[in-house]
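K.L.:
Quick one: this structure, given as structure tokens, is what I'll be asking you about.
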Protein chains: 2
Amino acid sequence: MNAPSTSRLPVGFQASGTTCGIKVSGKSDLALFVSDRDATAAGVFTTNRVCGAPVIVSKQRVPSTVARAVIINSGNSNAATGEPGIQDAQQMTAVVAEQIGCDAKSVFVCSTGVIGVPLPMAAILNGIPHSVKALGTSDKHLLDAATAMMTTDTFPKLTSLDVALASGTVRVSGVCKGAAMIAPNMATMLSVLMTDAQLTAEQSDSALRFGVDRTFNCISVDGHMSTSDTVLLLANGAVGGSLSDDDFVRVRDAIQQVCQKLATDIIRDAEGADHFITIDVSGLETREAACRVAKEIADSALVKTAITGGDPNWGRIVSAAGYANVDFDTAFVSLHINGTEVYCAGTPVPFDTGALSTQLKSHRDVHLALSVSGGPCSGKQAVRFWTSDLTQEYVRLNSEYTT
Amino acid sequence: MNAPSTSRLPVGFQASGTTCGIKVSGKSDLALFVSDRDATAAGVFTTNRVCGAPVIVSKQRVPSTVARAVIINSGNSNAATGEPGIQDAQQMTAVVAEQIGCDAKSVFVCSTGVIGVPLPMAAILNGIPHSVKALGTSDKHLLDAATAMMTTDTFPKLTSLDVALASGTVRVSGVCKGAAMIAPNMATMLSVLMTDAQLTAEQSDSALRFGVDRTFNCISVDGHMSTSDTVLLLANGAVGGSLSDDDFVRVRDAIQQVCQKLATDIIRDAEGADHFITIDVSGLETREAACRVAKEIADSALVKTAITGGDPNWGRIVSAAGYANVDFDTAFVSLHINGTEVYCAGTPVPFDTGALSTQLKSHRDVHLALSVSGGPCSGKQAVRFWTSDLTQEYVRLNSEYTT
């Protein structure tokens with residue numbers, strides 16, 4: 001698998017990013033992705049009980065074998081807007097469908113931005129025909145679309161991977177937006193993945209869940225789940241034929257890699273963050289247990305602030321693991337910080353705290369590796385999780401906005 | 001029930017607070033509580049899998065009908081210290097037992113302070129005879145003991161309540177320490193409750209759990225569970241006889257009130273906090289579900305920072321409730337902030353955001369009331385929960401310490 005020098009659309013996909021006037025800044029706010037033929041589609045959505053209208057509408061349309069487009073607006077999340085919000089989301093898909101010539105149920109919708117405010121539908125309805133006219137297949141079109149999804153992101157997030165299969169070289173491309181749920185109101189993680197490989201609806205769903213479980217579900221900036229999180233995969237089969245089992249695994253792995261690049265870009269763009277933290281947890285009986293331990297470490301304000309301050313404070317890390325409600329024997333816990341062993345078999349290990357502190361202060365990337373192998377409750381499951389630190393700048397950004 | 005003008009010990013209890021030299025600051029670091037006769041004792045402890053040696057030792061000794069003393073040191077938590085730490089904790093109880101003339105198993109031990117460092121046992125063993133000599137029954141003795149438990153607390157936390165029963169007026173007294181798990185390492189919540197009422201071991205346990213569930217288990221500063229949290233209740237029966245059912249309820253309610261005063265004092269003393277936040281959640285089927293919703297709201301960095309900034313950002317509060325993994329119908333959710341309705345039946349309510357923001361900025365106390373009554377999944381259970389906001393000062397305090 002090779003990453004092209006720039007991010008490219010797969011065969012049969014077009015994209016555009018335009019300005020319809022939702023954002024007072026005048027920045028682009030309407031992204032459109034269109035497949036020239038029916039694609040299979042799978043989606044994973046926020047599990048927040050309070051979810052946005054676009055999530056309610058799009059969720060009903062997966063799995064699909066007739067997917068044609070995804071319309072995304074930024075600047076307004078159309079969340080907590082009641083029944084009128086659902087009608088607005090439906091109308092957005094209907095107008096796109098009319099313009100590109102398909103049924104409304106072939107179109108998905110996502111919205112991101114301010115919560116609890118009705119969508120400015122006049123601007124959106126006026127903007128959609130322009131966004132359809134602007135569609136194109138170039139790298140620039142993909143970049144424009146990724147840019148139009150941004151809210152507080154500081155850079156557009158997009159990537160693509162080519163995968164050589166027996167039946168031809170397929171491409172997996174993805175875009176996403178997200179920089180934590182930050183001011184001015186609630187942001188959102190949205191991602192669209194596209195491939196010209198031929199996947200059945202079941203294969204789309206299985207590959208998407210495999211990838212998302214290991215990437216987007218393994219990141220946390222502040223532990224606050226958005227009402228609008230959505231990841232969609234469209235596979236239009238424009239290249240090659242149906243996949244052998246081996247080729248399916250290759251495409252699935254490419255989808256995971258694309259997801260990982262996008263998910264870690266969100267962490268690299270986390271508001272106010274000084275450190276990019278990778279957490280490996282191993283030696284548990286289930287992936288889910290390992291994930292729970294990793295998430296408690298990632299979400300601990302005390303772990304985050306210790307790293308902000310360059311403090312190799314292993315007590316905070318080990319104690320966060322301890323309250324994850326996961327069964328393990330503390331006598332078998334060991335912890336490495338940036339490769340330095342600081343805790344082994346439940347006992348502190350003497351180490352050069354000054355040197356490790358200096359290293360934490362001078363490097364943006366931090367690696368925490370917690371293992372619980374060897375005990376009676378241990379197993380072979382491991383997860384990798386990503387998070388950011390917690391800085392005064394994060395608090396300033398999230399508290400200084402006032403209505 | 002009346003709160004005495006100052007906090008007083010119950011009949012038959014003595015206390016002392018002395019300095020044995022654990023803290024480099026030279027502040028007092030050894031607290032001792034002694035009953036002149038056997039008391040029943042109950043305890044609740046941290047559920048963190050990584051727990052301190054004193055927790056391991058004390059936990060084995062409840063429930064008890066022969067409790068005589070609690071020895072507490074501050075400045076060192078004796079946590080993550082392996083088998084030698086357990087021997088140290090046991091030795092502390094044995095030396096106190098020898099001094100006051102009882103069995104070691106009648107003595108409980110708690111430690112709070114730096115983690116992963118062996119206890120300075122020479123200082124402690126030398127200090128215990130002095131702390132026994134310093135024992136006394138005055139208000140000053142109780143205050144000294146509460147002061148000797150402090151780590152980063154800015155004020156000692158103690159209270160007492162008198163309860164008039166048919167058989168005489170009994171007293172419930174309590175002390176605690178805790179100000180979040182803050183720098184320099186991990187702090188701890190420790191509390192000792194004493195009463196001269198006569199409670200069986202079962203009554204002690206039941207009254208303690210009732211009180212702790214509604215108070216100490218309903219506070220969160222940063223969601224990070226300590227390795228050493230301990231609440232102990234000693235009931236020595238020095239006043240009156242066995243309790244009628246009604247009198248038991250009176251004593252139990254007094255224990256809850258004492259717990260609530262101490263627990264909310266911890267929140268009022270939370271490091272770097274600008275706001276004291278009370279969260280009422282109602283209309284759920286179980287107390288546990290209501291508690292889970294309240295805790296997600298309390299632990300959300302985005303809710304906390306919104307309040308820090310005086311921003312009545314109801315979207316963050318409602319969406320935090322949404323990811324608590326509790327079944328409720330969003331169409332029946334309503335929210336009041338400081339008495340102002342901002343969200344009703346799943347729909348935003350227009351309100352004067354400027355006025356509410358000004359009020360949030362000018363008052364330390366904030367009240368959030370979330371109700372989910374009326375839906376098919378709703379019930380009559382409610383909880384009250386307390387938390388603090390998240391300020392740049394919290395981050396500064398927790399990140400500026402370096403090893």
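Following the order of the structure tokens, chains are lettered A, B, ..., residues in each are numbered from 1, and ligands are numbered from 1.
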Sorted by chain and rising residue number, list the residues of chain A at most 6 Å from chain B (counting only C-alpha atoms), each with its closest atom pair and distance in Å to one decimal, as a tab-separated table.
P.N.:
residue	atom	partner	partner_atom	distance
A:Asn48	CA	B:Tyr323	CA	4.6
A:Arg49	CA	B:Gly322	CA	4.5
A:Val50	CA	B:Gly322	CA	4.9
A:Thr305	CA	B:Ser399	CA	4.7
A:Ala306	CA	B:Ser399	CA	5.1
A:Thr308	CA	B:Ser399	CA	5.7
A:Gly309	CA	B:Ser399	CA	4.1
A:Asp311	CA	B:Thr402	CA	4.8
A:Ser319	CA	B:Val50	CA	5.8
A:Gly322	CA	B:Arg49	CA	4.5
A:Tyr323	CA	B:Asn48	CA	4.6
A:Gln392	CA	B:Gln392	CA	4.7
A:Val395	CA	B:Gln392	CA	5.7
A:Asn398	CA	B:Thr305	CA	5.7
A:Ser399	CA	B:Gly309	CA	4.2
A:Glu400	CA	B:Gly309	CA	5.3
A:Thr402	CA	B:Asp311	CA	4.8
A:Thr403	CA	B:Asp311	CA	6.0
K.L.:
Selection from above, N, CA and C atoms, as a short mmCIF file (atom, residue, chain, number, x, y, z; two decimals), in the first residue's frame, can you write it?
P.N.:
data_model
loop_
_atom_site.label_atom_id
_atom_site.label_comp_id
_atom_site.auth_asym_id
_atom_site.auth_seq_id
_atom_site.Cartn_x
_atom_site.Cartn_y
_atom_site.Cartn_z
N ASN A 48 -24.65 8.81 21.63
CA ASN A 48 -25.26 9.78 22.55
C ASN A 48 -26.77 9.75 22.36
N ARG A 49 -27.49 9.64 23.49
CA ARG A 49 -28.94 9.59 23.43
C ARG A 49 -29.51 10.91 22.90
N VAL A 50 -28.78 11.98 23.13
CA VAL A 50 -29.18 13.27 22.59
C VAL A 50 -28.41 13.44 21.28
N THR A 305 -2.56 16.51 32.88
CA THR A 305 -1.84 17.68 33.38
C THR A 305 -0.41 17.30 33.79
N ALA A 306 -0.21 16.08 34.24
CA ALA A 306 1.16 15.64 34.56
C ALA A 306 2.02 15.70 33.30
N THR A 308 1.44 17.50 30.61
CA THR A 308 1.59 18.92 30.27
C THR A 308 2.80 19.50 30.98
N GLY A 309 2.95 19.13 32.24
CA GLY A 309 4.04 19.68 33.04
C GLY A 309 5.34 18.91 32.95
N ASP A 311 5.90 15.84 33.87
CA ASP A 311 6.09 15.13 35.14
C ASP A 311 5.83 13.63 34.93
N SER A 319 -2.98 4.50 38.92
CA SER A 319 -4.23 4.59 39.69
C SER A 319 -5.43 4.80 38.77
N GLY A 322 -6.45 1.58 37.67
CA GLY A 322 -7.08 0.84 38.77
C GLY A 322 -8.56 1.08 38.92
N TYR A 323 -9.07 2.23 38.43
CA TYR A 323 -10.51 2.46 38.60
C TYR A 323 -11.30 2.22 37.31
N GLN A 392 -3.58 24.89 30.21
CA GLN A 392 -4.31 26.09 30.58
C GLN A 392 -4.99 26.69 29.34
N VAL A 395 -8.40 25.19 28.78
CA VAL A 395 -9.40 25.78 29.69
C VAL A 395 -9.75 27.19 29.25
N ASN A 398 -12.06 27.07 26.28
CA ASN A 398 -13.39 26.55 26.53
C ASN A 398 -14.17 27.33 27.57
N SER A 399 -13.51 28.23 28.25
CA SER A 399 -14.24 29.01 29.26
C SER A 399 -14.37 30.47 28.86
N GLU A 400 -13.55 30.95 27.96
CA GLU A 400 -13.61 32.39 27.66
C GLU A 400 -14.76 32.75 26.75
N THR A 402 -18.30 33.37 25.93
CA THR A 402 -19.55 33.54 26.67
C THR A 402 -20.64 33.96 25.71
N THR A 403 -21.84 33.58 26.04
CA THR A 403 -22.97 33.84 25.15
C THR A 403 -23.23 35.33 25.03
#
K.L.:
Neighbouring residues of Gly43 (chain A) were defined as those with any atom within 7 Å, considering only C-alpha atoms; residues of the same chain fewer than 6 positions away were excluded. Please report them as a ChimeraX atom specification.
P.N.:
/A:62,231-233
K.L.:
Residues as selected, C-alpha atoms, written as a PDB file, in the first residue's frame, can you do that?
P.N.:
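Here's the written file out-v9.pdb:
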ATOM      1  CA  VAL A  62     -27.630   2.546   6.259  1.00  0.00           C
ATOM      2  CA  VAL A 231     -18.372   8.086   9.980  1.00  0.00           C
ATOM      3  CA  LEU A 232     -19.699   7.025   6.570  1.00  0.00           C
ATOM      4  CA  LEU A 233     -18.100   4.664   4.042  1.00  0.00           C
TER       5      LEU A 233
END
K.L.:
Give me, as a VMD selection string, the residues of region 109-341 of chain A that a backbone DSSP run labels alpha helix (DSSP H).
P.N.:
chain A and resid 121 to 133 139 to 148 201 to 214 245 to 268 287 to 299 301 to 308 314 to 322
K.L.:
Which residues in region 52-162 of chain A does DSSP call strand (DSSP E)? List them as a list in words.
P.N.:
Ser64, Thr65, Val66, Ala67, Arg68, Ala69, Val70, Ile71, Ile72, Asn73, Ser74, Gly75, Asn76, Val107, Phe108, Val109, Cys110, Ser111, Thr112, Gly113, Val114, Lys157, Leu158, Thr159, Ser160, Leu161 and Asp162 of chain A
K.L.:
With N, CA and C atoms kept, could you save the residues just selected as a compact mmCIF listing (two decimals), in the first residue's frame?
P.N.:
# COMPACT_ATOMS: atom_id res chain seq x y z
N SER A 64 -26.81 0.56 2.88
CA SER A 64 -27.42 0.93 1.61
C SER A 64 -26.66 0.26 0.46
N THR A 65 -27.37 -0.02 -0.62
CA THR A 65 -26.71 -0.49 -1.84
C THR A 65 -26.94 0.52 -2.96
N VAL A 66 -27.57 1.66 -2.62
CA VAL A 66 -27.88 2.66 -3.64
C VAL A 66 -27.39 4.04 -3.21
N ALA A 67 -26.27 4.07 -2.45
CA ALA A 67 -25.77 5.35 -1.95
C ALA A 67 -25.17 6.16 -3.09
N ARG A 68 -25.44 7.48 -3.10
CA ARG A 68 -24.92 8.33 -4.17
C ARG A 68 -24.18 9.57 -3.65
N ALA A 69 -24.56 10.08 -2.48
CA ALA A 69 -23.96 11.36 -2.09
C ALA A 69 -23.99 11.58 -0.58
N VAL A 70 -23.07 12.46 -0.12
CA VAL A 70 -23.06 12.94 1.26
C VAL A 70 -22.99 14.46 1.22
N ILE A 71 -23.97 15.12 1.83
CA ILE A 71 -23.95 16.58 1.91
C ILE A 71 -23.65 16.97 3.36
N ILE A 72 -22.70 17.87 3.56
CA ILE A 72 -22.26 18.27 4.91
C ILE A 72 -22.22 19.79 5.00
N ASN A 73 -22.88 20.32 6.02
CA ASN A 73 -22.67 21.75 6.27
C ASN A 73 -21.93 21.94 7.59
N SER A 74 -21.09 22.95 7.64
CA SER A 74 -20.44 23.33 8.90
C SER A 74 -21.01 24.68 9.34
N GLY A 75 -20.84 24.99 10.63
CA GLY A 75 -21.34 26.27 11.15
C GLY A 75 -22.64 26.15 11.94
N ASN A 76 -23.31 25.00 11.79
CA ASN A 76 -24.57 24.77 12.52
C ASN A 76 -24.80 23.27 12.58
N VAL A 107 -29.03 9.74 -0.39
CA VAL A 107 -28.18 10.86 0.04
C VAL A 107 -28.10 10.88 1.57
N PHE A 108 -26.89 11.06 2.08
CA PHE A 108 -26.66 11.17 3.53
C PHE A 108 -26.37 12.62 3.87
N VAL A 109 -26.65 12.97 5.14
CA VAL A 109 -26.45 14.35 5.57
C VAL A 109 -25.73 14.41 6.91
N CYS A 110 -24.82 15.36 7.06
CA CYS A 110 -24.13 15.61 8.33
C CYS A 110 -24.08 17.13 8.55
N SER A 111 -24.14 17.53 9.79
CA SER A 111 -24.04 18.96 10.11
C SER A 111 -23.15 19.12 11.34
N THR A 112 -22.40 20.20 11.40
CA THR A 112 -21.51 20.42 12.53
C THR A 112 -21.40 21.90 12.83
N GLY A 113 -21.45 22.26 14.09
CA GLY A 113 -21.33 23.67 14.47
C GLY A 113 -22.18 23.97 15.68
N VAL A 114 -22.74 25.14 15.74
CA VAL A 114 -23.49 25.59 16.90
C VAL A 114 -24.72 24.69 17.12
N LYS A 157 -8.27 17.78 7.12
CA LYS A 157 -7.81 16.42 7.39
C LYS A 157 -8.28 15.50 6.27
N LEU A 158 -7.33 15.01 5.48
CA LEU A 158 -7.68 14.12 4.36
C LEU A 158 -6.48 13.24 4.06
N THR A 159 -6.77 12.08 3.51
CA THR A 159 -5.70 11.16 3.15
C THR A 159 -6.24 10.16 2.14
N SER A 160 -5.35 9.48 1.44
CA SER A 160 -5.78 8.39 0.55
C SER A 160 -4.67 7.36 0.44
N LEU A 161 -5.07 6.15 0.13
CA LEU A 161 -4.13 5.02 0.04
C LEU A 161 -4.48 4.21 -1.20
N ASP A 162 -3.47 3.80 -1.96
CA ASP A 162 -3.70 2.90 -3.10
C ASP A 162 -3.36 1.48 -2.68
K.L.:
Just give me the gap between CA of Ser191 (chain A) and CA of Ser138 (chain A) in Å, one decimal is fine.
P.N.:
19.2 Å
K.L.:
Please report the interatomic distance between CA of Arg37 (chain A) and CA of Ala97 (chain A) in Å with one decimal.
P.N.:
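Those two atoms sit 13.0 Å apart.
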